[in-house]
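Trainee: Here you go, one structure.
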Amino acid sequence: MRDTRESRLLLILLVAVAFALITVDIKGGESSPLNGARRAAAGVLGPVEKGAAGAVDPVAGYIRAIRDAGTHQQRLDQITRENTDLRQRLASSDTAAARTKQLDDLLRTAGSGGYTVKAAQVIAIGAAQGFSWTITIDAGSDDGLTRDMTVINGQGLVGRITTVAPTTATVLLASDPGFTAGVRLEGSGEIGFAAGQGTSPMRIQLLNGRAQVKNGDRLVTFGSQSGRPFVPGVPVGKVVEVEATPGQLTKTVQVEPFVQFTRLDLVGVVVVPPRTDPRDAVLPAAPAANTTTAAAVPPTTPAGGN
């Protein structure tokens, strides 16, 4: 439509009519003469609006899903990080608690035997050093360590040092087939020699073929001159089998070591031997014997007796 005087007059007229219809509709309320026209328009336009909404809603929902997906993924990533951090804290706490207990056990053993020890951490195991049963510890000559020092932990004898570097040392474990140490039987003091057998119990040959020994008896190190390579009194293990060797000059027994060689972590190197032999003092208290005391039974009066 062109902008002329007639078009302007027509626009003003249409606006006036619209205002008049709105006024009539408001004043008429439920009885408005325009209700019929409104319903007719709704009947015609309603399906069109519904169809348009049906076409637009999936798109809008998809857009909302994409928009919210980033938020959900961020929350999931945050929860994952929090769970990972929590697991690391728990693992660190468990490790610290375990090492604290190992150190307490080590210091208790050292105190009982009068050993001065240098604590060290196991940093390597295996055949890298040329032995079948060895470990590498994070202490060496810079820490005052030398060859043939006794290595212990909170349970007992671990082995002896064979090679020393400035900051590390190699320990031959008591489970190695090439390992040998003098041992002494608890109580009786019978002496012998212990040899490693890998994952099998240690093999002990007692020098007295008539020595009285039974399963459960415990042994400690006999000790070497000047405490090298072994200081005396270190717990070795307990007897699990006594071999039948009638007529032999020696007696052979199988001994389960106190130390678990596949689970070594914190160890102690004895840098100063004890002033006196602790004998059996380092061994834990023996379990109490399970004795049963019979209750006194009062004499029974015979039937009919006075």
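Going through the structure tokens in order, the chains are called A, B, and so on, while each chain numbers its residues from 1 and the ligands are numbered from 1 in the order shown.
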Among range 141-300 of chain A, which residues does DSSP mark as helix (DSSP H, G or I) when it is run on the backbone? Keep the chain and numbering as in the structure and answer as a PyMOL selection string.

Mentor: chain A and resi 141-143+225-227+261-263

Trainee: What would the file look like if the residues just selected were written as a PDB file, in the first residue's frame with N, CA and C atoms?

Mentor:
```pdb
ATOM      1  N   SER A 141      76.919 -47.175  51.963  1.00  0.00           N
ATOM      2  CA  SER A 141      78.132 -46.807  52.706  1.00  0.00           C
ATOM      3  C   SER A 141      78.044 -45.386  53.261  1.00  0.00           C
ATOM      4  N   ASP A 142      77.303 -44.517  52.589  1.00  0.00           N
ATOM      5  CA  ASP A 142      77.127 -43.164  53.127  1.00  0.00           C
ATOM      6  C   ASP A 142      76.386 -43.172  54.461  1.00  0.00           C
ATOM      7  N   ASP A 143      75.663 -44.247  54.727  1.00  0.00           N
ATOM      8  CA  ASP A 143      74.915 -44.387  55.985  1.00  0.00           C
ATOM      9  C   ASP A 143      75.651 -45.256  56.995  1.00  0.00           C
ATOM     10  N   GLN A 225      81.481 -64.087  65.464  1.00  0.00           N
ATOM     11  CA  GLN A 225      82.489 -63.290  66.158  1.00  0.00           C
ATOM     12  C   GLN A 225      82.359 -61.826  65.756  1.00  0.00           C
ATOM     13  N   SER A 226      82.323 -60.947  66.749  1.00  0.00           N
ATOM     14  CA  SER A 226      82.154 -59.498  66.536  1.00  0.00           C
ATOM     15  C   SER A 226      80.830 -59.161  65.860  1.00  0.00           C
ATOM     16  N   GLY A 227      79.884 -60.096  65.865  1.00  0.00           N
ATOM     17  CA  GLY A 227      78.578 -59.826  65.287  1.00  0.00           C
ATOM     18  C   GLY A 227      78.539 -59.765  63.779  1.00  0.00           C
ATOM     19  N   PHE A 261      59.307 -63.374  53.306  1.00  0.00           N
ATOM     20  CA  PHE A 261      60.285 -62.774  52.395  1.00  0.00           C
ATOM     21  C   PHE A 261      59.658 -62.154  51.152  1.00  0.00           C
ATOM     22  N   THR A 262      58.451 -62.539  50.803  1.00  0.00           N
ATOM     23  CA  THR A 262      57.801 -61.967  49.619  1.00  0.00           C
ATOM     24  C   THR A 262      57.043 -60.685  49.944  1.00  0.00           C
ATOM     25  N   ARG A 263      57.056 -60.255  51.220  1.00  0.00           N
ATOM     26  CA  ARG A 263      56.304 -59.062  51.618  1.00  0.00           C
ATOM     27  C   ARG A 263      57.181 -58.068  52.373  1.00  0.00           C
TER      28      ARG A 263
END
```

Trainee: Near Ala181 in chain A, within 7 Å and counting only C-alpha atoms, which residues show up once chain neighbours fewer than 4 positions away are dropped, as a VMD selection string?

Mentor: chain A and resid 193 to 195

Trainee: Quick one: pull the distance between CA of Ala124 in chain A and CA of Thr170 in chain A, Å, one decimal.

Mentor: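 Here the two named atoms are 9.2 Å from each other.
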
Trainee: What are the closest atom pairs, with distances in Å to one decimal, for all residues of range 191-216 of chain A lying within 9 Å of range 233-257 of chain A? Consider only C-alpha atoms, order rows by chain and residue number, and present the result as a tab-separated table.

Mentor:
```
residue	atom	partner	partner_atom	distance
A:Gly192	CA	A:Thr250	CA	8.8
A:Ala194	CA	A:Val255	CA	8.7
A:Ser200	CA	A:Glu256	CA	8.0
A:Pro201	CA	A:Glu256	CA	4.8
A:Met202	CA	A:Val255	CA	5.0
A:Arg203	CA	A:Gln254	CA	4.9
A:Ile204	CA	A:Val253	CA	5.2
A:Gln205	CA	A:Thr252	CA	4.5
A:Leu206	CA	A:Lys251	CA	5.1
A:Leu207	CA	A:Thr250	CA	4.9
A:Asn208	CA	A:Thr250	CA	5.2
A:Gly209	CA	A:Thr250	CA	3.9
A:Arg210	CA	A:Lys251	CA	7.2
A:Ala211	CA	A:Lys251	CA	7.2
A:Val213	CA	A:Val242	CA	7.5
A:Lys214	CA	A:Val242	CA	6.7
A:Asn215	CA	A:Val239	CA	4.9
A:Gly216	CA	A:Val239	CA	5.1
```

Trainee: Give me the residues within 7 Å of Pro273 in chain A as number ranges by chain, counting only C-alpha atoms and dropping any in the same chain fewer than 3 places off.

Mentor: A: 115-116, 227, 231, 270

Trainee: Mind writing the picked residues with N, CA and C atoms as a short mmCIF file (atom, residue, chain, number, x, y, z; two decimals), in the first residue's frame?

Mentor:
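What landed in again.cif:
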```cif
data_model
loop_
_atom_site.label_atom_id
_atom_site.label_comp_id
_atom_site.auth_asym_id
_atom_site.auth_seq_id
_atom_site.Cartn_x
_atom_site.Cartn_y
_atom_site.Cartn_z
N TYR A 115 70.12 -54.21 69.82
CA TYR A 115 70.74 -53.92 68.52
C TYR A 115 70.56 -52.44 68.18
N THR A 116 71.63 -51.84 67.64
CA THR A 116 71.51 -50.50 67.07
C THR A 116 71.32 -50.67 65.57
N GLY A 227 79.88 -60.10 65.87
CA GLY A 227 78.58 -59.83 65.29
C GLY A 227 78.54 -59.76 63.78
N VAL A 231 74.45 -61.23 64.23
CA VAL A 231 74.41 -60.94 65.67
C VAL A 231 73.58 -62.04 66.33
N VAL A 270 71.67 -53.97 61.32
CA VAL A 270 72.31 -53.86 62.63
C VAL A 270 73.71 -53.29 62.44
#
```

Trainee: Taking only C-alpha atoms into account, which of A:Arg160, A:Arg184, A:Arg228, A:Arg147 comes nearest Leu172 in chain A?

Mentor: A:Arg160

Trainee: From the set A:Pro177, A:Pro284, A:Gly189, A:Gly140, which residue has the shortest atom-to-atom contact distance to Ala165 in chain A, counting only C-alpha atoms?

Mentor: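 For Ala165 in chain A, the nearest of the given residues is A:Gly140.
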
Trainee: Which of range 82-300 of chain A end up as strand (DSSP E) when DSSP is run on this backbone - answer as a ChimeraX atom specification?

Mentor: /A:116-125,134-137,150-152,157-164,169-173,180-185,191-197,200-206,218-221,235-242,251-257,266-272
